[in-house]
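**Student:** run-v2.cif (mmCIF, N, CA and C atoms) pasted underneath:
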```
data_target
#
loop_
_atom_site.label_atom_id
_atom_site.label_comp_id
_atom_site.auth_asym_id
_atom_site.auth_seq_id
_atom_site.Cartn_x
_atom_site.Cartn_y
_atom_site.Cartn_z
N MET M 1 0.84 -1.17 0.00
CA MET M 1 0.00 0.00 0.00
C MET M 1 0.89 1.24 0.00
N THR M 2 0.43 2.28 -0.68
CA THR M 2 1.15 3.55 -0.67
C THR M 2 0.27 4.64 -0.08
N ILE M 3 0.90 5.68 0.42
CA ILE M 3 0.18 6.83 0.95
C ILE M 3 0.12 7.88 -0.14
N PRO M 4 -0.65 8.98 0.04
CA PRO M 4 -0.82 9.96 -1.05
C PRO M 4 0.48 10.47 -1.65
N SER M 5 1.55 10.50 -0.88
CA SER M 5 2.82 10.98 -1.42
C SER M 5 3.42 9.99 -2.41
N GLY M 6 2.89 8.77 -2.44
CA GLY M 6 3.42 7.75 -3.33
C GLY M 6 4.42 6.84 -2.64
N ARG M 7 4.83 7.19 -1.42
CA ARG M 7 5.76 6.36 -0.66
C ARG M 7 5.01 5.22 0.00
N PRO M 8 5.68 4.11 0.26
CA PRO M 8 5.00 3.00 0.95
C PRO M 8 4.61 3.41 2.37
N ASP M 9 3.46 2.89 2.83
CA ASP M 9 3.01 3.12 4.19
C ASP M 9 3.67 2.06 5.06
N LEU M 10 4.69 2.46 5.80
CA LEU M 10 5.44 1.53 6.63
C LEU M 10 4.76 1.23 7.95
N PHE M 11 3.71 1.96 8.27
CA PHE M 11 3.02 1.77 9.54
C PHE M 11 1.77 0.92 9.40
N GLY M 12 1.43 0.51 8.21
CA GLY M 12 0.27 -0.35 8.00
C GLY M 12 -1.06 0.33 8.28
N GLY M 13 -1.16 1.61 7.96
CA GLY M 13 -2.40 2.35 8.17
C GLY M 13 -3.48 1.88 7.22
N PRO M 14 -4.66 2.45 7.37
CA PRO M 14 -5.77 2.05 6.50
C PRO M 14 -5.49 2.46 5.06
N PRO M 15 -6.08 1.73 4.14
CA PRO M 15 -5.88 2.08 2.72
C PRO M 15 -6.59 3.39 2.41
N PRO M 16 -6.17 4.07 1.35
CA PRO M 16 -6.85 5.31 0.95
C PRO M 16 -8.31 5.04 0.62
N THR M 17 -9.15 5.98 0.95
CA THR M 17 -10.56 5.89 0.60
C THR M 17 -10.77 6.61 -0.72
N LEU M 18 -11.38 5.91 -1.65
CA LEU M 18 -11.63 6.44 -2.99
C LEU M 18 -13.14 6.46 -3.22
N LEU M 19 -13.71 7.65 -3.23
CA LEU M 19 -15.15 7.78 -3.46
C LEU M 19 -15.50 7.38 -4.89
N ALA M 20 -16.70 6.90 -5.05
CA ALA M 20 -17.19 6.55 -6.39
C ALA M 20 -17.38 7.82 -7.21
N ALA M 21 -17.16 7.69 -8.49
CA ALA M 21 -17.36 8.84 -9.39
C ALA M 21 -18.84 9.22 -9.40
N ASP M 22 -19.09 10.51 -9.46
CA ASP M 22 -20.44 11.05 -9.54
C ASP M 22 -20.41 12.10 -10.65
N PRO M 23 -20.45 11.67 -11.91
CA PRO M 23 -20.18 12.59 -13.02
C PRO M 23 -21.25 13.64 -13.27
N GLU M 24 -22.49 13.40 -12.85
CA GLU M 24 -23.57 14.34 -13.18
C GLU M 24 -23.36 15.74 -12.57
N PRO M 25 -23.09 15.87 -11.27
CA PRO M 25 -22.88 17.23 -10.76
C PRO M 25 -21.63 17.88 -11.32
N VAL M 26 -20.60 17.10 -11.57
CA VAL M 26 -19.37 17.64 -12.16
C VAL M 26 -19.68 18.20 -13.54
N ALA M 27 -20.41 17.44 -14.36
CA ALA M 27 -20.76 17.88 -15.71
C ALA M 27 -21.67 19.11 -15.67
N ALA M 28 -22.62 19.12 -14.74
CA ALA M 28 -23.54 20.26 -14.64
C ALA M 28 -22.78 21.54 -14.30
N LEU M 29 -21.87 21.46 -13.35
CA LEU M 29 -21.08 22.64 -12.99
C LEU M 29 -20.17 23.05 -14.15
N ALA M 30 -19.57 22.08 -14.82
CA ALA M 30 -18.68 22.38 -15.95
C ALA M 30 -19.47 23.03 -17.10
N ALA M 31 -20.75 22.69 -17.21
CA ALA M 31 -21.60 23.27 -18.26
C ALA M 31 -22.09 24.66 -17.88
N GLY M 32 -21.77 25.10 -16.68
CA GLY M 32 -22.16 26.44 -16.26
C GLY M 32 -23.47 26.51 -15.50
N ASP M 33 -24.01 25.38 -15.10
CA ASP M 33 -25.25 25.40 -14.32
C ASP M 33 -25.01 26.12 -12.99
N ASP M 34 -26.03 26.81 -12.52
CA ASP M 34 -25.96 27.52 -11.24
C ASP M 34 -25.69 26.51 -10.13
N PRO M 35 -24.70 26.76 -9.27
CA PRO M 35 -24.42 25.82 -8.18
C PRO M 35 -25.61 25.58 -7.25
N HIS M 36 -26.51 26.57 -7.10
CA HIS M 36 -27.71 26.35 -6.29
C HIS M 36 -28.57 25.25 -6.92
N THR M 37 -28.69 25.29 -8.23
CA THR M 37 -29.46 24.28 -8.95
C THR M 37 -28.79 22.92 -8.84
N VAL M 38 -27.47 22.91 -8.97
CA VAL M 38 -26.72 21.65 -8.89
C VAL M 38 -26.86 21.04 -7.49
N ALA M 39 -26.72 21.86 -6.45
CA ALA M 39 -26.86 21.34 -5.08
C ALA M 39 -28.27 20.81 -4.84
N ALA M 40 -29.26 21.49 -5.40
CA ALA M 40 -30.65 21.04 -5.23
C ALA M 40 -30.92 19.75 -6.01
N ARG M 41 -30.34 19.62 -7.21
CA ARG M 41 -30.55 18.42 -8.02
C ARG M 41 -29.77 17.22 -7.51
N PHE M 42 -28.58 17.50 -6.92
CA PHE M 42 -27.69 16.44 -6.46
C PHE M 42 -27.28 16.71 -5.01
N PRO M 43 -28.22 16.69 -4.08
CA PRO M 43 -27.91 17.11 -2.71
C PRO M 43 -26.93 16.21 -1.97
N LYS M 44 -26.76 14.98 -2.42
CA LYS M 44 -25.81 14.09 -1.76
C LYS M 44 -24.38 14.33 -2.19
N ALA M 45 -24.18 15.10 -3.25
CA ALA M 45 -22.83 15.37 -3.78
C ALA M 45 -22.23 16.58 -3.07
N SER M 46 -21.05 16.41 -2.52
CA SER M 46 -20.37 17.50 -1.81
C SER M 46 -19.96 18.63 -2.73
N LEU M 47 -19.71 18.34 -3.99
CA LEU M 47 -19.14 19.34 -4.89
C LEU M 47 -20.00 20.59 -5.02
N GLY M 48 -21.28 20.45 -5.24
CA GLY M 48 -22.16 21.61 -5.38
C GLY M 48 -22.14 22.48 -4.13
N TRP M 49 -22.17 21.84 -2.97
CA TRP M 49 -22.13 22.57 -1.71
C TRP M 49 -20.79 23.26 -1.52
N ALA M 50 -19.72 22.60 -1.93
CA ALA M 50 -18.38 23.21 -1.83
C ALA M 50 -18.29 24.45 -2.70
N VAL M 51 -18.80 24.38 -3.91
CA VAL M 51 -18.76 25.54 -4.81
C VAL M 51 -19.58 26.68 -4.21
N LEU M 52 -20.76 26.38 -3.66
CA LEU M 52 -21.56 27.42 -3.02
C LEU M 52 -20.80 28.05 -1.85
N ALA M 53 -20.14 27.23 -1.06
CA ALA M 53 -19.36 27.74 0.08
C ALA M 53 -18.22 28.64 -0.39
N GLU M 54 -17.54 28.21 -1.44
CA GLU M 54 -16.42 29.01 -1.97
C GLU M 54 -16.93 30.35 -2.52
N GLN M 55 -18.06 30.31 -3.20
CA GLN M 55 -18.63 31.56 -3.74
C GLN M 55 -19.06 32.49 -2.62
N ALA M 56 -19.69 31.96 -1.59
CA ALA M 56 -20.12 32.79 -0.46
C ALA M 56 -18.91 33.40 0.24
N ALA M 57 -17.85 32.63 0.39
CA ALA M 57 -16.63 33.16 1.02
C ALA M 57 -16.04 34.28 0.18
N ALA M 58 -16.02 34.09 -1.14
CA ALA M 58 -15.47 35.11 -2.03
C ALA M 58 -16.29 36.39 -1.99
N ALA M 59 -17.59 36.27 -1.68
CA ALA M 59 -18.47 37.43 -1.59
C ALA M 59 -18.50 38.00 -0.17
N ASP M 60 -17.60 37.50 0.69
CA ASP M 60 -17.49 37.95 2.08
C ASP M 60 -18.78 37.69 2.87
N HIS M 61 -19.30 36.48 2.70
CA HIS M 61 -20.48 36.02 3.44
C HIS M 61 -20.08 34.76 4.23
N PRO M 62 -19.30 34.92 5.30
CA PRO M 62 -18.76 33.75 6.00
C PRO M 62 -19.81 32.85 6.64
N VAL M 63 -20.93 33.40 7.10
CA VAL M 63 -21.95 32.57 7.73
C VAL M 63 -22.59 31.66 6.68
N GLU M 64 -22.91 32.22 5.52
CA GLU M 64 -23.46 31.41 4.44
C GLU M 64 -22.44 30.37 3.96
N SER M 65 -21.19 30.79 3.86
CA SER M 65 -20.14 29.87 3.46
C SER M 65 -20.06 28.70 4.44
N TYR M 66 -20.11 29.02 5.71
CA TYR M 66 -20.05 27.99 6.75
C TYR M 66 -21.21 27.00 6.60
N ALA M 67 -22.40 27.52 6.37
CA ALA M 67 -23.58 26.64 6.25
C ALA M 67 -23.47 25.73 5.03
N TYR M 68 -23.10 26.29 3.89
CA TYR M 68 -22.94 25.46 2.69
C TYR M 68 -21.83 24.43 2.88
N ALA M 69 -20.70 24.88 3.44
CA ALA M 69 -19.57 23.96 3.63
C ALA M 69 -19.92 22.86 4.61
N ARG M 70 -20.64 23.19 5.67
CA ARG M 70 -21.04 22.19 6.66
C ARG M 70 -21.92 21.13 6.00
N THR M 71 -22.82 21.54 5.12
CA THR M 71 -23.67 20.58 4.41
C THR M 71 -22.83 19.68 3.53
N GLY M 72 -21.93 20.27 2.75
CA GLY M 72 -21.06 19.47 1.88
C GLY M 72 -20.17 18.53 2.65
N TYR M 73 -19.69 18.98 3.78
CA TYR M 73 -18.85 18.16 4.65
C TYR M 73 -19.62 16.94 5.15
N HIS M 74 -20.84 17.16 5.65
CA HIS M 74 -21.62 16.03 6.16
C HIS M 74 -22.04 15.07 5.06
N ARG M 75 -22.39 15.62 3.89
CA ARG M 75 -22.71 14.74 2.75
C ARG M 75 -21.49 13.90 2.37
N GLY M 76 -20.32 14.52 2.43
CA GLY M 76 -19.08 13.81 2.13
C GLY M 76 -18.76 12.73 3.15
N LEU M 77 -18.97 13.03 4.44
CA LEU M 77 -18.75 12.01 5.47
C LEU M 77 -19.64 10.80 5.22
N ASP M 78 -20.90 11.06 4.85
CA ASP M 78 -21.80 9.94 4.54
C ASP M 78 -21.25 9.10 3.40
N ALA M 79 -20.77 9.76 2.35
CA ALA M 79 -20.22 9.04 1.19
C ALA M 79 -18.96 8.27 1.57
N LEU M 80 -18.11 8.89 2.37
CA LEU M 80 -16.88 8.21 2.80
C LEU M 80 -17.22 6.95 3.59
N ARG M 81 -18.16 7.06 4.50
CA ARG M 81 -18.54 5.89 5.30
C ARG M 81 -19.11 4.78 4.42
N ARG M 82 -19.92 5.17 3.44
CA ARG M 82 -20.46 4.16 2.51
C ARG M 82 -19.34 3.48 1.72
N SER M 83 -18.21 4.18 1.57
CA SER M 83 -17.06 3.63 0.83
C SER M 83 -16.09 2.89 1.74
N GLY M 84 -16.45 2.69 3.00
CA GLY M 84 -15.63 1.90 3.90
C GLY M 84 -14.71 2.68 4.82
N TRP M 85 -14.74 3.99 4.76
CA TRP M 85 -13.89 4.83 5.62
C TRP M 85 -14.32 4.65 7.07
N LYS M 86 -13.35 4.50 7.96
CA LYS M 86 -13.64 4.24 9.37
C LYS M 86 -13.31 5.45 10.26
N GLY M 87 -13.24 6.63 9.67
CA GLY M 87 -13.00 7.83 10.47
C GLY M 87 -11.56 8.31 10.46
N HIS M 88 -10.71 7.60 9.74
CA HIS M 88 -9.32 8.03 9.61
C HIS M 88 -8.71 7.35 8.39
N GLY M 89 -7.59 7.90 7.98
CA GLY M 89 -6.90 7.34 6.82
C GLY M 89 -6.92 8.30 5.65
N PRO M 90 -6.10 8.02 4.67
CA PRO M 90 -5.94 8.92 3.52
C PRO M 90 -7.21 9.05 2.68
N ILE M 91 -7.44 10.29 2.24
CA ILE M 91 -8.51 10.61 1.29
C ILE M 91 -7.81 11.40 0.19
N PRO M 92 -7.24 10.73 -0.79
CA PRO M 92 -6.33 11.38 -1.75
C PRO M 92 -6.99 12.43 -2.64
N TRP M 93 -6.36 13.60 -2.70
CA TRP M 93 -6.75 14.67 -3.61
C TRP M 93 -6.60 14.21 -5.05
N SER M 94 -5.64 13.37 -5.33
CA SER M 94 -5.38 12.91 -6.70
C SER M 94 -6.56 12.12 -7.28
N HIS M 95 -7.43 11.61 -6.44
CA HIS M 95 -8.62 10.89 -6.89
C HIS M 95 -9.75 11.91 -7.05
N GLU M 96 -10.07 12.27 -8.28
CA GLU M 96 -11.01 13.35 -8.59
C GLU M 96 -12.32 13.29 -7.78
N PRO M 97 -12.97 12.12 -7.63
CA PRO M 97 -14.23 12.10 -6.89
C PRO M 97 -14.10 12.51 -5.41
N ASN M 98 -12.89 12.49 -4.86
CA ASN M 98 -12.69 12.92 -3.47
C ASN M 98 -12.66 14.44 -3.34
N ARG M 99 -12.50 15.14 -4.44
CA ARG M 99 -12.25 16.58 -4.38
C ARG M 99 -13.44 17.39 -3.87
N GLY M 100 -14.65 16.97 -4.13
CA GLY M 100 -15.81 17.69 -3.61
C GLY M 100 -15.79 17.71 -2.09
N PHE M 101 -15.55 16.55 -1.49
CA PHE M 101 -15.47 16.49 -0.03
C PHE M 101 -14.31 17.33 0.49
N LEU M 102 -13.14 17.17 -0.11
CA LEU M 102 -11.96 17.90 0.37
C LEU M 102 -12.14 19.41 0.22
N ARG M 103 -12.78 19.84 -0.86
CA ARG M 103 -13.06 21.27 -1.04
C ARG M 103 -14.05 21.76 0.01
N ALA M 104 -15.08 20.96 0.31
CA ALA M 104 -16.05 21.34 1.34
C ALA M 104 -15.36 21.40 2.71
N LEU M 105 -14.47 20.47 2.97
CA LEU M 105 -13.73 20.45 4.23
C LEU M 105 -12.88 21.71 4.38
N ALA M 106 -12.13 22.05 3.34
CA ALA M 106 -11.30 23.25 3.39
C ALA M 106 -12.16 24.51 3.53
N ALA M 107 -13.27 24.56 2.80
CA ALA M 107 -14.16 25.72 2.89
C ALA M 107 -14.75 25.84 4.29
N LEU M 108 -15.06 24.71 4.91
CA LEU M 108 -15.58 24.73 6.27
C LEU M 108 -14.53 25.28 7.23
N GLY M 109 -13.31 24.85 7.08
CA GLY M 109 -12.24 25.35 7.94
C GLY M 109 -12.01 26.84 7.75
N GLN M 110 -12.02 27.28 6.51
CA GLN M 110 -11.82 28.70 6.23
C GLN M 110 -12.97 29.53 6.77
N ALA M 111 -14.20 29.03 6.64
CA ALA M 111 -15.36 29.75 7.17
C ALA M 111 -15.34 29.77 8.69
N ALA M 112 -14.96 28.66 9.30
CA ALA M 112 -14.85 28.62 10.76
C ALA M 112 -13.83 29.65 11.24
N GLN M 113 -12.73 29.74 10.53
CA GLN M 113 -11.71 30.73 10.86
C GLN M 113 -12.27 32.15 10.72
N ALA M 114 -13.04 32.38 9.66
CA ALA M 114 -13.59 33.71 9.41
C ALA M 114 -14.60 34.15 10.46
N ILE M 115 -15.27 33.19 11.10
CA ILE M 115 -16.23 33.55 12.15
C ILE M 115 -15.64 33.33 13.54
N ASP M 116 -14.32 33.23 13.59
CA ASP M 116 -13.57 33.12 14.86
C ASP M 116 -13.84 31.84 15.64
N GLU M 117 -14.11 30.76 14.93
CA GLU M 117 -14.20 29.44 15.54
C GLU M 117 -12.83 28.79 15.44
N LYS M 118 -11.87 29.31 16.21
CA LYS M 118 -10.48 28.89 16.10
C LYS M 118 -10.28 27.39 16.35
N ASP M 119 -10.92 26.86 17.39
CA ASP M 119 -10.74 25.43 17.69
C ASP M 119 -11.21 24.56 16.53
N GLU M 120 -12.37 24.91 15.98
CA GLU M 120 -12.88 24.13 14.85
C GLU M 120 -11.96 24.27 13.64
N ALA M 121 -11.53 25.49 13.36
CA ALA M 121 -10.62 25.70 12.23
C ALA M 121 -9.35 24.88 12.40
N ASP M 122 -8.81 24.83 13.60
CA ASP M 122 -7.59 24.05 13.85
C ASP M 122 -7.84 22.55 13.66
N ARG M 123 -8.99 22.06 14.14
CA ARG M 123 -9.32 20.63 13.95
C ARG M 123 -9.45 20.30 12.47
N ILE M 124 -10.11 21.18 11.73
CA ILE M 124 -10.31 20.93 10.31
C ILE M 124 -8.99 21.01 9.56
N ARG M 125 -8.14 21.95 9.94
CA ARG M 125 -6.82 22.05 9.31
C ARG M 125 -6.05 20.73 9.48
N ALA M 126 -6.10 20.17 10.69
CA ALA M 126 -5.43 18.90 10.96
C ALA M 126 -6.08 17.75 10.18
N PHE M 127 -7.41 17.73 10.12
CA PHE M 127 -8.14 16.69 9.40
C PHE M 127 -7.78 16.74 7.92
N LEU M 128 -7.73 17.93 7.35
CA LEU M 128 -7.40 18.07 5.93
C LEU M 128 -5.97 17.61 5.67
N ALA M 129 -5.04 18.02 6.51
CA ALA M 129 -3.64 17.62 6.33
C ALA M 129 -3.48 16.11 6.51
N ASP M 130 -4.23 15.52 7.44
CA ASP M 130 -4.17 14.07 7.64
C ASP M 130 -4.80 13.33 6.47
N SER M 131 -5.83 13.93 5.87
CA SER M 131 -6.49 13.30 4.73
C SER M 131 -5.57 13.27 3.53
N ASP M 132 -4.94 14.41 3.24
CA ASP M 132 -3.97 14.50 2.16
C ASP M 132 -3.28 15.86 2.22
N PRO M 133 -2.00 15.89 2.58
CA PRO M 133 -1.27 17.16 2.64
C PRO M 133 -1.32 17.94 1.33
N GLU M 134 -1.38 17.24 0.21
CA GLU M 134 -1.47 17.93 -1.08
C GLU M 134 -2.76 18.74 -1.16
N ALA M 135 -3.87 18.19 -0.69
CA ALA M 135 -5.15 18.89 -0.69
C ALA M 135 -5.05 20.17 0.13
N ALA M 136 -4.43 20.08 1.30
CA ALA M 136 -4.28 21.25 2.15
C ALA M 136 -3.50 22.35 1.43
N GLN M 137 -2.45 21.96 0.71
CA GLN M 137 -1.64 22.92 -0.03
C GLN M 137 -2.43 23.52 -1.19
N VAL M 138 -3.04 22.66 -1.99
CA VAL M 138 -3.77 23.13 -3.18
C VAL M 138 -4.92 24.04 -2.77
N LEU M 139 -5.60 23.70 -1.69
CA LEU M 139 -6.78 24.46 -1.27
C LEU M 139 -6.43 25.64 -0.37
N GLY M 140 -5.17 25.77 -0.03
CA GLY M 140 -4.71 26.92 0.73
C GLY M 140 -5.16 26.97 2.17
N PHE M 141 -5.34 25.80 2.77
CA PHE M 141 -5.73 25.77 4.18
C PHE M 141 -4.75 24.88 4.92
N VAL M 142 -3.58 25.43 5.16
CA VAL M 142 -2.51 24.69 5.85
C VAL M 142 -2.24 25.26 7.22
#
```
With the file now loaded, output its structure as structure tokens.
**Tutor:**
Amino acid sequence: MTIPSGRPDLFGGPPPTLLAADPEPVAALAAGDDPHTVAARFPKASLGWAVLAEQAAAADHPVESYAYARTGYHRGLDALRRSGWKGHGPIPWSHEPNRGFLRALAALGQAAQAIDEKDEADRIRAFLADSDPEAAQVLGFV
């Protein structure tokens, strides 16, 4: 087994969790559909919620960002558990279907930080780095 860095896991940790592909919300967003419509049509997909959270943050609406990100985060946890995740272990950024969850997670941490929820932001920062350090770097929440 290898960890997200590509190096062997010498500690025998859990295998990476790879979410199943969900091409419909990805295609809808790529086609320019409104993220509100995408989240409503595909509420179990973290990606639509993550995009809404990112947009709200960019518009300086941290409470709305937090709410959207929290929804995407919980939808992602449900999907991870259905995929065999036991609450820890790698969630690789390199696996495209994982990105909706990881984006929602980072958005949640950033929104928590923006509303002065320091403890939560710190926990999420650690969770994101433990899931995949590359995701933390790419998403700018390190």
**Student:** Once the PyMOL selection byres (((chain M and resi 60-77 and name CA) around 9) and name CA) is applied to the coordinates I shared, what remains selected? I want it as JSON, numbers by chain.
**Tutor:** {"M": [43, 44, 45, 46, 47, 48, 49, 50, 51, 52, 53, 54, 55, 56, 57, 58, 59, 78, 79, 80, 81, 82, 85, 87, 98, 100, 101, 102, 103, 104, 105, 106, 107, 108, 109, 110, 111, 112, 114, 115]}
**Student:** As a PyMOL selection string, please: every residue in chain M that a backbone DSSP assignment puts in helix (DSSP H, G or I).
**Tutor:** chain M and resi 23-30+35-41+46-58+62-82+96-114+118-131+133-139
**Student:** From the list M:Asp116, M:Ile91, M:Ala121, M:Ala129, which residue is nearest M:Leu19 when using all atoms listed in the file?
**Tutor:**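 Of M:Asp116, M:Ile91, M:Ala121, M:Ala129, the one nearest M:Leu19 is M:Ile91, counting all atoms listed in the file.
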**Student:** Rank M:Val26, M:Ala135, M:Val38, M:Ala21 by their smallest atom-to-atom distance to M:Pro92, using only N, CA and C atoms, and report the top residue only.
**Tutor:**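 Using only N, CA and C atoms, the shortest distance to M:Pro92 belongs to M:Ala135.
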**Student:** Could you jot down the atom CA of M:Ser131 to atom N of M:Gly89 separation for me, Å, one decimal place?
**Tutor:**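 That distance, rounded to one decimal, is 6.4 Å.
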**Student:** Please tell me which residues are no farther than 7 Å from (-1.7, 21.3, 8.6) in the file, counting only C-alpha atoms, and write them as a PyMOL selection string.
**Tutor:** chain M and resi 125-126+129+136+142
**Student:** Would you compute the distance between atom CA of M:Pro133 and atom CA of M:Ser83? Give it in Å to one decimal.
**Tutor:** 20.9 Å
**Student:** Using only C-alpha atoms, which residue out of M:Pro25, M:Gly13, M:Pro97, M:Gly84 lies closest to M:Arg41?
**Tutor:**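 Ranked by minimum distance to M:Arg41, first place goes to M:Pro25.
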**Student:** I need the residue nearest M:Ser94 from this list: M:Pro23, M:Pro16, M:Gly32, M:Gly140. Use only C-alpha atoms for the distance.
**Tutor:**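 For M:Ser94, the nearest of the given residues is M:Pro16.
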